[in-house]
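This is coords_6.cif (mmCIF, N, CA and C atoms and all ligand atoms).
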```
data_model
loop_
_atom_site.label_atom_id
_atom_site.label_comp_id
_atom_site.auth_asym_id
_atom_site.auth_seq_id
_atom_site.Cartn_x
_atom_site.Cartn_y
_atom_site.Cartn_z
N MET A 1 -77.76 -31.08 -42.09
CA MET A 1 -77.16 -32.32 -42.61
C MET A 1 -78.24 -33.38 -42.87
N ALA A 2 -79.11 -33.57 -41.87
CA ALA A 2 -80.17 -34.57 -42.00
C ALA A 2 -81.09 -34.21 -43.16
N LEU A 3 -81.34 -32.92 -43.31
CA LEU A 3 -82.22 -32.47 -44.38
C LEU A 3 -81.61 -32.80 -45.75
N GLN A 4 -80.28 -32.57 -45.81
CA GLN A 4 -79.59 -32.84 -47.07
C GLN A 4 -79.70 -34.33 -47.44
N LYS A 5 -79.54 -35.17 -46.43
CA LYS A 5 -79.59 -36.61 -46.64
C LYS A 5 -80.98 -37.01 -47.15
N THR A 6 -81.99 -36.45 -46.49
CA THR A 6 -83.36 -36.75 -46.88
C THR A 6 -83.62 -36.33 -48.32
N LEU A 7 -83.11 -35.14 -48.66
CA LEU A 7 -83.31 -34.64 -50.02
C LEU A 7 -82.64 -35.54 -51.05
N SER A 8 -81.40 -35.97 -50.74
CA SER A 8 -80.70 -36.84 -51.69
C SER A 8 -81.47 -38.15 -51.87
N LEU A 9 -81.96 -38.67 -50.76
CA LEU A 9 -82.72 -39.92 -50.83
C LEU A 9 -83.96 -39.76 -51.70
N LEU A 10 -84.63 -38.65 -51.50
CA LEU A 10 -85.83 -38.37 -52.28
C LEU A 10 -85.50 -38.31 -53.77
N LEU A 11 -84.42 -37.60 -54.08
CA LEU A 11 -84.00 -37.43 -55.46
C LEU A 11 -83.66 -38.79 -56.08
N LEU A 12 -82.96 -39.61 -55.28
CA LEU A 12 -82.56 -40.94 -55.75
C LEU A 12 -83.80 -41.79 -56.07
N SER A 13 -84.77 -41.75 -55.15
CA SER A 13 -85.99 -42.55 -55.37
C SER A 13 -86.71 -42.08 -56.62
N LEU A 14 -86.74 -40.77 -56.81
CA LEU A 14 -87.42 -40.20 -57.96
C LEU A 14 -86.76 -40.67 -59.26
N LEU A 15 -85.41 -40.62 -59.26
CA LEU A 15 -84.67 -41.04 -60.45
C LEU A 15 -84.90 -42.53 -60.73
N THR A 16 -84.93 -43.33 -59.66
CA THR A 16 -85.15 -44.77 -59.82
C THR A 16 -86.52 -45.01 -60.46
N LEU A 17 -87.53 -44.31 -59.95
CA LEU A 17 -88.88 -44.46 -60.50
C LEU A 17 -88.92 -44.09 -61.97
N LEU A 18 -88.28 -42.98 -62.30
CA LEU A 18 -88.23 -42.53 -63.70
C LEU A 18 -87.56 -43.60 -64.56
N GLY A 19 -86.45 -44.11 -64.05
CA GLY A 19 -85.70 -45.13 -64.79
C GLY A 19 -86.56 -46.35 -65.05
N LEU A 20 -87.27 -46.81 -64.03
CA LEU A 20 -88.14 -47.98 -64.18
C LEU A 20 -89.18 -47.74 -65.26
N GLY A 21 -89.75 -46.54 -65.25
CA GLY A 21 -90.76 -46.21 -66.24
C GLY A 21 -90.21 -46.26 -67.65
N LEU A 22 -88.98 -45.82 -67.80
CA LEU A 22 -88.38 -45.76 -69.14
C LEU A 22 -88.04 -47.14 -69.67
N VAL A 23 -87.54 -48.04 -68.78
CA VAL A 23 -87.12 -49.35 -69.28
C VAL A 23 -88.29 -50.32 -69.43
N GLN A 24 -89.45 -49.98 -68.84
CA GLN A 24 -90.59 -50.89 -68.97
C GLN A 24 -91.05 -50.88 -70.43
N SER A 25 -90.91 -52.01 -71.10
CA SER A 25 -91.21 -52.04 -72.53
C SER A 25 -92.68 -52.36 -72.76
N SER A 26 -93.11 -52.21 -74.01
CA SER A 26 -94.51 -52.42 -74.34
C SER A 26 -94.91 -53.89 -74.22
N TYR A 27 -93.95 -54.83 -74.10
CA TYR A 27 -94.32 -56.24 -73.99
C TYR A 27 -95.13 -56.52 -72.73
N GLY A 28 -95.00 -55.64 -71.71
CA GLY A 28 -95.74 -55.86 -70.48
C GLY A 28 -97.05 -55.12 -70.42
N GLN A 29 -97.37 -54.37 -71.46
CA GLN A 29 -98.55 -53.51 -71.32
C GLN A 29 -99.87 -54.27 -71.46
N PRO A 30 -100.85 -53.88 -70.63
CA PRO A 30 -102.13 -54.58 -70.54
C PRO A 30 -102.86 -54.76 -71.88
N MET A 31 -102.81 -53.76 -72.76
CA MET A 31 -103.50 -53.88 -74.04
C MET A 31 -102.91 -54.99 -74.90
N TYR A 32 -101.60 -55.18 -74.79
CA TYR A 32 -100.91 -56.23 -75.54
C TYR A 32 -101.28 -57.60 -74.97
N GLN A 33 -101.34 -57.69 -73.63
CA GLN A 33 -101.73 -58.94 -72.97
C GLN A 33 -103.15 -59.31 -73.38
N ARG A 34 -104.01 -58.30 -73.41
CA ARG A 34 -105.40 -58.51 -73.75
C ARG A 34 -105.53 -58.96 -75.22
N PHE A 35 -104.77 -58.32 -76.11
CA PHE A 35 -104.78 -58.69 -77.52
C PHE A 35 -104.44 -60.17 -77.67
N GLN A 36 -103.42 -60.60 -76.94
CA GLN A 36 -103.00 -62.00 -77.04
C GLN A 36 -104.07 -62.95 -76.53
N ARG A 37 -104.70 -62.57 -75.41
CA ARG A 37 -105.74 -63.43 -74.84
C ARG A 37 -106.92 -63.56 -75.80
N GLN A 38 -107.32 -62.46 -76.41
CA GLN A 38 -108.52 -62.47 -77.24
C GLN A 38 -108.29 -62.86 -78.69
N HIS A 39 -107.05 -62.71 -79.17
CA HIS A 39 -106.87 -62.86 -80.62
C HIS A 39 -105.74 -63.77 -81.08
N VAL A 40 -104.99 -64.38 -80.15
CA VAL A 40 -103.88 -65.20 -80.60
C VAL A 40 -103.98 -66.63 -80.04
N ASP A 41 -103.97 -67.61 -80.95
CA ASP A 41 -103.89 -69.01 -80.56
C ASP A 41 -103.06 -69.75 -81.60
N HIS A 42 -101.79 -69.94 -81.29
CA HIS A 42 -100.90 -70.57 -82.27
C HIS A 42 -100.95 -72.09 -82.18
N LYS A 43 -101.75 -72.62 -81.24
CA LYS A 43 -101.75 -74.08 -81.04
C LYS A 43 -102.52 -74.83 -82.11
N VAL A 44 -103.42 -74.14 -82.81
CA VAL A 44 -104.18 -74.80 -83.87
C VAL A 44 -104.06 -73.97 -85.15
N THR A 45 -104.48 -74.55 -86.28
CA THR A 45 -104.38 -73.81 -87.54
C THR A 45 -105.76 -73.35 -88.00
N GLY A 46 -106.80 -73.83 -87.30
CA GLY A 46 -108.16 -73.43 -87.64
C GLY A 46 -109.11 -74.09 -86.66
N GLY A 47 -110.30 -73.52 -86.50
CA GLY A 47 -111.24 -74.08 -85.53
C GLY A 47 -112.64 -74.21 -86.10
N ASN A 48 -113.43 -75.12 -85.47
CA ASN A 48 -114.84 -75.28 -85.86
C ASN A 48 -115.75 -74.58 -84.83
N ASN A 49 -117.06 -74.82 -84.95
CA ASN A 49 -117.99 -74.16 -84.04
C ASN A 49 -117.69 -74.45 -82.58
N SER A 50 -117.38 -75.71 -82.26
CA SER A 50 -117.12 -76.01 -80.84
C SER A 50 -115.86 -75.31 -80.36
N TYR A 51 -114.90 -75.14 -81.25
CA TYR A 51 -113.69 -74.38 -80.90
C TYR A 51 -114.09 -72.96 -80.50
N CYS A 52 -114.89 -72.31 -81.33
CA CYS A 52 -115.32 -70.94 -81.02
C CYS A 52 -116.10 -70.91 -79.71
N ASN A 53 -117.04 -71.82 -79.53
CA ASN A 53 -117.84 -71.83 -78.30
C ASN A 53 -116.95 -71.92 -77.06
N ARG A 54 -115.95 -72.80 -77.14
CA ARG A 54 -115.05 -73.00 -76.00
C ARG A 54 -114.12 -71.80 -75.81
N MET A 55 -113.47 -71.38 -76.88
CA MET A 55 -112.46 -70.31 -76.77
C MET A 55 -113.08 -68.96 -76.38
N MET A 56 -114.23 -68.65 -76.91
CA MET A 56 -114.86 -67.37 -76.57
C MET A 56 -115.15 -67.33 -75.07
N ARG A 57 -115.50 -68.49 -74.51
CA ARG A 57 -115.78 -68.55 -73.07
C ARG A 57 -114.48 -68.50 -72.26
N THR A 58 -113.52 -69.38 -72.59
CA THR A 58 -112.30 -69.45 -71.76
C THR A 58 -111.45 -68.18 -71.89
N GLN A 59 -111.56 -67.47 -73.00
CA GLN A 59 -110.75 -66.27 -73.15
C GLN A 59 -111.49 -65.02 -72.68
N GLY A 60 -112.60 -65.25 -72.00
CA GLY A 60 -113.26 -64.17 -71.27
C GLY A 60 -114.12 -63.22 -72.10
N MET A 61 -114.73 -63.73 -73.17
CA MET A 61 -115.53 -62.83 -74.02
C MET A 61 -117.02 -63.12 -73.96
N THR A 62 -117.42 -63.89 -72.94
CA THR A 62 -118.86 -64.21 -72.80
C THR A 62 -119.31 -64.00 -71.35
N ARG A 63 -118.64 -63.10 -70.65
CA ARG A 63 -118.95 -62.97 -69.22
C ARG A 63 -120.31 -62.36 -68.96
N HIS A 64 -120.58 -61.21 -69.60
CA HIS A 64 -121.85 -60.53 -69.34
C HIS A 64 -122.76 -60.56 -70.56
N THR A 65 -122.13 -60.50 -71.73
CA THR A 65 -122.87 -60.64 -72.99
C THR A 65 -122.04 -61.55 -73.88
N CYS A 66 -122.66 -62.10 -74.93
CA CYS A 66 -121.89 -62.89 -75.88
C CYS A 66 -121.28 -61.89 -76.86
N LYS A 67 -119.95 -61.76 -76.88
CA LYS A 67 -119.32 -60.86 -77.84
C LYS A 67 -119.78 -61.28 -79.24
N GLN A 68 -120.20 -60.30 -80.04
CA GLN A 68 -120.81 -60.60 -81.33
C GLN A 68 -119.86 -61.23 -82.34
N PHE A 69 -118.64 -60.73 -82.37
CA PHE A 69 -117.70 -61.20 -83.40
C PHE A 69 -116.28 -61.13 -82.85
N ASN A 70 -115.52 -62.16 -83.09
CA ASN A 70 -114.12 -62.14 -82.66
C ASN A 70 -113.27 -63.04 -83.54
N THR A 71 -112.04 -62.61 -83.77
CA THR A 71 -111.12 -63.37 -84.62
C THR A 71 -109.94 -63.90 -83.83
N PHE A 72 -109.64 -65.19 -84.01
CA PHE A 72 -108.42 -65.78 -83.45
C PHE A 72 -107.40 -65.96 -84.57
N ILE A 73 -106.19 -65.47 -84.35
CA ILE A 73 -105.12 -65.61 -85.32
C ILE A 73 -104.28 -66.82 -84.95
N HIS A 74 -104.07 -67.71 -85.92
CA HIS A 74 -103.30 -68.92 -85.65
C HIS A 74 -101.88 -68.80 -86.18
N GLU A 75 -101.14 -67.92 -85.56
CA GLU A 75 -99.74 -67.73 -85.93
C GLU A 75 -98.98 -67.47 -84.64
N ASN A 76 -97.67 -67.68 -84.71
CA ASN A 76 -96.78 -67.35 -83.61
C ASN A 76 -96.88 -65.86 -83.30
N ILE A 77 -96.77 -65.49 -82.02
CA ILE A 77 -96.88 -64.07 -81.66
C ILE A 77 -95.79 -63.24 -82.35
N ARG A 78 -94.63 -63.86 -82.61
CA ARG A 78 -93.56 -63.14 -83.31
C ARG A 78 -93.99 -62.73 -84.71
N THR A 79 -94.66 -63.65 -85.39
CA THR A 79 -95.16 -63.37 -86.74
C THR A 79 -96.14 -62.20 -86.70
N ILE A 80 -96.96 -62.19 -85.66
CA ILE A 80 -97.96 -61.12 -85.55
C ILE A 80 -97.29 -59.79 -85.19
N ASN A 81 -96.31 -59.85 -84.27
CA ASN A 81 -95.57 -58.63 -83.94
C ASN A 81 -94.89 -58.05 -85.18
N ASN A 82 -94.45 -58.95 -86.07
CA ASN A 82 -93.77 -58.49 -87.29
C ASN A 82 -94.68 -57.67 -88.20
N ILE A 83 -95.99 -57.94 -88.13
CA ILE A 83 -96.93 -57.15 -88.92
C ILE A 83 -96.83 -55.68 -88.49
N CYS A 84 -96.59 -55.45 -87.20
CA CYS A 84 -96.45 -54.08 -86.69
C CYS A 84 -95.19 -53.41 -87.24
N ARG A 85 -94.19 -54.22 -87.59
CA ARG A 85 -92.92 -53.65 -88.08
C ARG A 85 -93.03 -53.25 -89.53
N ASN A 86 -94.07 -53.75 -90.21
CA ASN A 86 -94.32 -53.35 -91.58
C ASN A 86 -94.45 -51.83 -91.62
N ARG A 87 -93.56 -51.18 -92.37
CA ARG A 87 -93.50 -49.71 -92.36
C ARG A 87 -94.75 -49.04 -92.90
N LYS A 88 -95.45 -49.76 -93.76
CA LYS A 88 -96.65 -49.17 -94.35
C LYS A 88 -97.77 -49.15 -93.30
N THR A 89 -98.26 -47.96 -92.98
CA THR A 89 -99.40 -47.88 -92.06
C THR A 89 -100.65 -47.57 -92.88
N ILE A 90 -101.79 -48.02 -92.38
CA ILE A 90 -103.06 -47.75 -93.05
C ILE A 90 -104.05 -47.23 -92.00
N PRO A 91 -105.08 -46.51 -92.45
CA PRO A 91 -106.03 -45.99 -91.47
C PRO A 91 -106.82 -47.10 -90.79
N CYS A 92 -106.99 -46.99 -89.45
CA CYS A 92 -107.85 -47.92 -88.72
C CYS A 92 -109.29 -47.44 -88.90
N LYS A 93 -110.26 -48.26 -88.44
CA LYS A 93 -111.68 -47.88 -88.54
C LYS A 93 -111.94 -46.56 -87.82
N ASN A 94 -111.21 -46.32 -86.71
CA ASN A 94 -111.41 -45.07 -85.97
C ASN A 94 -110.63 -43.91 -86.58
N SER A 95 -110.09 -44.13 -87.78
CA SER A 95 -109.31 -43.19 -88.59
C SER A 95 -107.96 -42.78 -88.00
N ARG A 96 -107.53 -43.44 -86.92
CA ARG A 96 -106.14 -43.25 -86.50
C ARG A 96 -105.26 -43.95 -87.52
N MET A 97 -103.99 -43.53 -87.58
CA MET A 97 -103.12 -44.06 -88.64
C MET A 97 -102.12 -45.09 -88.12
N ASN A 98 -102.47 -45.80 -87.06
CA ASN A 98 -101.48 -46.74 -86.52
C ASN A 98 -101.83 -48.19 -86.83
N CYS A 99 -102.54 -48.44 -87.95
CA CYS A 99 -102.88 -49.81 -88.32
C CYS A 99 -101.93 -50.36 -89.38
N HIS A 100 -101.79 -51.68 -89.34
CA HIS A 100 -100.92 -52.39 -90.27
C HIS A 100 -101.66 -53.64 -90.73
N ALA A 101 -101.38 -54.09 -91.96
CA ALA A 101 -102.08 -55.26 -92.49
C ALA A 101 -101.13 -56.41 -92.76
N GLY A 102 -101.64 -57.63 -92.63
CA GLY A 102 -100.85 -58.82 -92.95
C GLY A 102 -101.79 -59.96 -93.26
N VAL A 103 -101.25 -61.01 -93.91
CA VAL A 103 -102.08 -62.17 -94.24
C VAL A 103 -101.72 -63.32 -93.29
N VAL A 104 -102.72 -63.83 -92.60
CA VAL A 104 -102.50 -64.86 -91.56
C VAL A 104 -103.63 -65.89 -91.57
N ARG A 105 -103.40 -67.02 -90.88
CA ARG A 105 -104.47 -68.02 -90.71
C ARG A 105 -105.35 -67.59 -89.54
N VAL A 106 -106.64 -67.61 -89.74
CA VAL A 106 -107.55 -67.16 -88.68
C VAL A 106 -108.77 -68.07 -88.56
N THR A 107 -109.46 -67.95 -87.42
CA THR A 107 -110.82 -68.44 -87.29
C THR A 107 -111.67 -67.26 -86.84
N ASP A 108 -112.68 -66.92 -87.64
CA ASP A 108 -113.62 -65.87 -87.26
C ASP A 108 -114.79 -66.54 -86.54
N CYS A 109 -115.14 -66.01 -85.38
CA CYS A 109 -116.25 -66.56 -84.60
C CYS A 109 -117.38 -65.54 -84.57
N ARG A 110 -118.54 -65.96 -85.08
CA ARG A 110 -119.70 -65.04 -85.13
C ARG A 110 -120.82 -65.60 -84.26
N ASN A 111 -121.31 -64.77 -83.37
CA ASN A 111 -122.36 -65.22 -82.45
C ASN A 111 -123.66 -65.52 -83.18
N THR A 112 -124.28 -66.67 -82.85
CA THR A 112 -125.54 -67.03 -83.49
C THR A 112 -126.66 -67.15 -82.46
N GLY A 113 -126.36 -66.90 -81.19
CA GLY A 113 -127.40 -66.99 -80.15
C GLY A 113 -126.81 -67.52 -78.86
N GLY A 114 -127.67 -68.07 -78.02
CA GLY A 114 -127.22 -68.57 -76.74
C GLY A 114 -127.17 -67.47 -75.71
N SER A 115 -126.69 -67.82 -74.51
CA SER A 115 -126.69 -66.83 -73.45
C SER A 115 -125.44 -66.92 -72.59
N PRO A 116 -124.98 -65.75 -72.10
CA PRO A 116 -123.80 -65.72 -71.27
C PRO A 116 -124.11 -66.26 -69.87
N PRO A 117 -123.13 -66.68 -69.07
CA PRO A 117 -121.73 -66.69 -69.47
C PRO A 117 -121.27 -68.00 -70.10
N ASN A 118 -122.09 -69.08 -70.01
CA ASN A 118 -121.56 -70.39 -70.41
C ASN A 118 -122.18 -71.01 -71.64
N ASN A 119 -123.12 -70.32 -72.28
CA ASN A 119 -123.82 -70.97 -73.38
C ASN A 119 -123.93 -70.12 -74.65
N CYS A 120 -122.91 -69.29 -74.90
CA CYS A 120 -122.92 -68.49 -76.14
C CYS A 120 -122.57 -69.42 -77.30
N GLN A 121 -123.33 -69.29 -78.40
CA GLN A 121 -123.14 -70.16 -79.55
C GLN A 121 -122.50 -69.40 -80.71
N TYR A 122 -121.52 -70.03 -81.34
CA TYR A 122 -120.78 -69.35 -82.41
C TYR A 122 -120.71 -70.17 -83.69
N GLN A 123 -120.65 -69.43 -84.78
CA GLN A 123 -120.42 -70.00 -86.09
C GLN A 123 -118.97 -69.71 -86.47
N ALA A 124 -118.20 -70.75 -86.77
CA ALA A 124 -116.78 -70.57 -87.08
C ALA A 124 -116.53 -70.51 -88.58
N THR A 125 -115.62 -69.64 -88.99
CA THR A 125 -115.15 -69.63 -90.37
C THR A 125 -113.63 -69.57 -90.34
N ALA A 126 -112.99 -70.67 -90.73
CA ALA A 126 -111.53 -70.70 -90.75
C ALA A 126 -111.05 -70.33 -92.15
N SER A 127 -110.01 -69.51 -92.21
CA SER A 127 -109.48 -69.11 -93.52
C SER A 127 -108.09 -68.52 -93.36
N ARG A 128 -107.48 -68.23 -94.50
CA ARG A 128 -106.25 -67.46 -94.49
C ARG A 128 -106.63 -66.14 -95.13
N ARG A 129 -106.50 -65.06 -94.39
CA ARG A 129 -106.99 -63.79 -94.93
C ARG A 129 -106.16 -62.62 -94.43
N ARG A 130 -106.43 -61.47 -95.03
CA ARG A 130 -105.78 -60.24 -94.65
C ARG A 130 -106.45 -59.72 -93.38
N VAL A 131 -105.65 -59.40 -92.37
CA VAL A 131 -106.19 -58.79 -91.16
C VAL A 131 -105.55 -57.42 -90.97
N VAL A 132 -106.25 -56.55 -90.25
CA VAL A 132 -105.74 -55.21 -89.95
C VAL A 132 -105.66 -55.07 -88.44
N ILE A 133 -104.47 -54.75 -87.94
CA ILE A 133 -104.30 -54.59 -86.49
C ILE A 133 -103.69 -53.22 -86.17
N ALA A 134 -104.06 -52.69 -85.01
CA ALA A 134 -103.49 -51.42 -84.55
C ALA A 134 -102.30 -51.74 -83.65
N CYS A 135 -101.21 -50.99 -83.82
CA CYS A 135 -100.00 -51.24 -83.03
C CYS A 135 -99.63 -49.98 -82.26
N ASP A 136 -98.98 -50.20 -81.11
CA ASP A 136 -98.60 -49.07 -80.28
C ASP A 136 -97.40 -49.46 -79.43
N GLY A 137 -96.70 -48.46 -78.89
CA GLY A 137 -95.61 -48.70 -77.95
C GLY A 137 -94.25 -48.75 -78.62
N ASN A 138 -93.25 -48.99 -77.78
CA ASN A 138 -91.87 -49.11 -78.26
C ASN A 138 -91.20 -50.24 -77.50
N PRO A 139 -90.94 -51.37 -78.17
CA PRO A 139 -91.21 -51.64 -79.58
C PRO A 139 -92.71 -51.71 -79.87
N LEU A 140 -93.06 -51.53 -81.16
CA LEU A 140 -94.46 -51.59 -81.57
C LEU A 140 -95.02 -53.00 -81.34
N VAL A 141 -96.16 -53.07 -80.65
CA VAL A 141 -96.84 -54.35 -80.46
C VAL A 141 -98.33 -54.17 -80.77
N PRO A 142 -99.01 -55.27 -81.15
CA PRO A 142 -100.44 -55.15 -81.45
C PRO A 142 -101.25 -54.86 -80.19
N VAL A 143 -102.16 -53.90 -80.26
CA VAL A 143 -102.98 -53.54 -79.10
C VAL A 143 -104.48 -53.62 -79.40
N HIS A 144 -104.82 -53.80 -80.68
CA HIS A 144 -106.24 -53.78 -81.04
C HIS A 144 -106.43 -54.51 -82.37
N PHE A 145 -107.45 -55.38 -82.44
CA PHE A 145 -107.77 -56.06 -83.70
C PHE A 145 -108.80 -55.21 -84.42
N ASP A 146 -108.45 -54.73 -85.62
CA ASP A 146 -109.33 -53.79 -86.30
C ASP A 146 -110.32 -54.49 -87.25
N SER A 147 -109.82 -55.35 -88.11
CA SER A 147 -110.70 -56.07 -89.04
C SER A 147 -109.99 -57.23 -89.69
C1 LIG B 201 -114.25 -79.79 -83.96
O1 LIG B 201 -112.86 -79.99 -83.95
C2 LIG B 201 -112.41 -80.83 -82.90
C3 LIG B 201 -110.90 -80.79 -82.89
O2 LIG B 201 -110.36 -80.81 -84.17
C4 LIG B 201 -112.99 -82.21 -83.11
O3 LIG B 201 -112.53 -83.09 -82.11
C5 LIG B 201 -114.51 -82.12 -83.07
O4 LIG B 201 -115.09 -83.36 -83.36
C6 LIG B 201 -115.02 -81.08 -84.06
N1 LIG B 201 -116.42 -80.84 -83.78
C7 LIG B 201 -117.35 -80.70 -84.72
C8 LIG B 201 -118.74 -80.40 -84.24
O5 LIG B 201 -117.09 -80.80 -85.91
#
```

Kindly transcribe the structure held in the file into structure tokens.
Ligand SMILES: *[C@@H]1O[C@H](CO)[C@@H](O)[C@H](O)[C@H]1NC(C)=O
Amino acid sequence: MALQKTLSLLLLSLLTLLGLGLVQSSYGQPMYQRFQRQHVDHKVTGGNNSYCNRMMRTQGMTRHTCKQFNTFIHENIRTINNICRNRKTIPCKNSRMNCHAGVVRVTDCRNTGGSPPNNCQYQATASRRRVVIACDGNPLVPVHFDS
């Protein structure tokens, strides 16, 4: 009897774990969180050099080296998620086929020198341009900025 009870409990725990795994959506996944930290800032519509210098540092891209190039998208995260819903997929740089393109407001930050972690220097270029992002999960969310 005791054995049967233990077995049922085990089975129940297993089913619960499986269930949790299934309902956990891609909105919580680390790659999506990271994409948002490194590439999304809807609070401004464009940035200058000081914007890049500050954001590259606060968003964690100058810890050990100055990241050479990074793009901030100035759109609502919903607008960016919608790019993933675009049915047309295009090849990413790594030749996987999970990339999608859209036109958005951005600031491109290009490293011009300086030293990590607090003095990386960037050249900013604000524009409205076509970007390519890789999407993954269900629902599809951006996980990588391609170009
Ligand atoms: C950069 O933009 C900020 C905010 O718009 C502004 O306060 C600052 O003076 C600008 N800095 C330079 C170097 O243009």

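Here CA of Met56 (chain A) stands at a distance of 16.1 Å from atom C5 of ligand LIG 201 (chain B).
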
For Ile77 (chain A), which residue out of A:His144, A:Arg63, A:His42, A:Arg129 is the nearest one, using only C-alpha atoms?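 Closest to Ile77 (chain A) of all the choices is A:His42.
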
Could you build a table of the residues in chain A lying no more than 6 Å from ligand LIG 201 (chain B), giving for each the nearest pair of atoms and their separation in Å rounded to one decimal place, using only N, CA and C atoms and all ligand atoms, ordered by chain and ascending residue number, as JSON lines?
```
{"residue": "A:Asn48", "atom": "CA", "partner": "B:LIG201", "partner_atom": "C1", "distance": 4.9}
{"residue": "A:Asn49", "atom": "N", "partner": "B:LIG201", "partner_atom": "C1", "distance": 5.8}
{"residue": "A:Ser50", "atom": "N", "partner": "B:LIG201", "partner_atom": "C8", "distance": 5.3}
{"residue": "A:Tyr51", "atom": "N", "partner": "B:LIG201", "partner_atom": "C1", "distance": 5.4}
```

Please indicate the distance in Å from CA of Val103 (chain A) to CA of Ile80 (chain A), rounded to one decimal place.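 Separating CA of Val103 (chain A) from CA of Ile80 (chain A) is a distance of 9.7 Å.
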
DSSP on the backbone, then: every residue of chain A marked strand (DSSP E), written as a ChimeraX atom specification. /A:69-73,99-115,119-136,141-145

Would you please work out which residue, of A:Val141, A:Met31, A:Ala124, A:Met55, is nearest to Thr79 (chain A) when using only C-alpha atoms?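 Counting only C-alpha atoms, the residue closest to Thr79 (chain A) is A:Val141.
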
Taking N, CA, C and O atoms as the atom set, what does region 79-90 of chain A look like once completed, written as a compact mmCIF listing (two decimals), keeping the file's coordinate frame?
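Printed below is out_17.txt as written:
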```
# COMPACT_ATOMS: atom_id res chain seq x y z
N THR A 79 -94.66 -63.65 -85.39
CA THR A 79 -95.16 -63.37 -86.74
C THR A 79 -96.14 -62.20 -86.70
O THR A 79 -96.12 -61.33 -87.57
N ILE A 80 -96.96 -62.19 -85.66
CA ILE A 80 -97.96 -61.12 -85.55
C ILE A 80 -97.29 -59.79 -85.19
O ILE A 80 -97.62 -58.75 -85.74
N ASN A 81 -96.31 -59.85 -84.27
CA ASN A 81 -95.57 -58.63 -83.94
C ASN A 81 -94.89 -58.05 -85.18
O ASN A 81 -94.77 -56.83 -85.33
N ASN A 82 -94.45 -58.95 -86.07
CA ASN A 82 -93.77 -58.49 -87.29
C ASN A 82 -94.68 -57.67 -88.20
O ASN A 82 -94.20 -56.82 -88.93
N ILE A 83 -95.99 -57.94 -88.13
CA ILE A 83 -96.93 -57.15 -88.92
C ILE A 83 -96.83 -55.68 -88.49
O ILE A 83 -96.90 -54.78 -89.32
N CYS A 84 -96.59 -55.45 -87.20
CA CYS A 84 -96.45 -54.08 -86.69
C CYS A 84 -95.19 -53.41 -87.24
O CYS A 84 -95.12 -52.18 -87.30
N ARG A 85 -94.19 -54.22 -87.59
CA ARG A 85 -92.92 -53.65 -88.08
C ARG A 85 -93.03 -53.25 -89.53
O ARG A 85 -92.16 -52.56 -90.04
N ASN A 86 -94.07 -53.75 -90.21
CA ASN A 86 -94.32 -53.35 -91.58
C ASN A 86 -94.45 -51.83 -91.62
O ASN A 86 -95.30 -51.24 -90.98
N ARG A 87 -93.56 -51.18 -92.37
CA ARG A 87 -93.50 -49.71 -92.36
C ARG A 87 -94.75 -49.04 -92.90
O ARG A 87 -95.03 -47.90 -92.58
N LYS A 88 -95.45 -49.76 -93.76
CA LYS A 88 -96.65 -49.17 -94.35
C LYS A 88 -97.77 -49.15 -93.30
O LYS A 88 -98.15 -50.19 -92.78
N THR A 89 -98.26 -47.96 -92.98
CA THR A 89 -99.40 -47.88 -92.06
C THR A 89 -100.65 -47.57 -92.88
O THR A 89 -100.57 -46.96 -93.95
N ILE A 90 -101.79 -48.02 -92.38
CA ILE A 90 -103.06 -47.75 -93.05
C ILE A 90 -104.05 -47.23 -92.00
O ILE A 90 -103.86 -47.47 -90.81
```
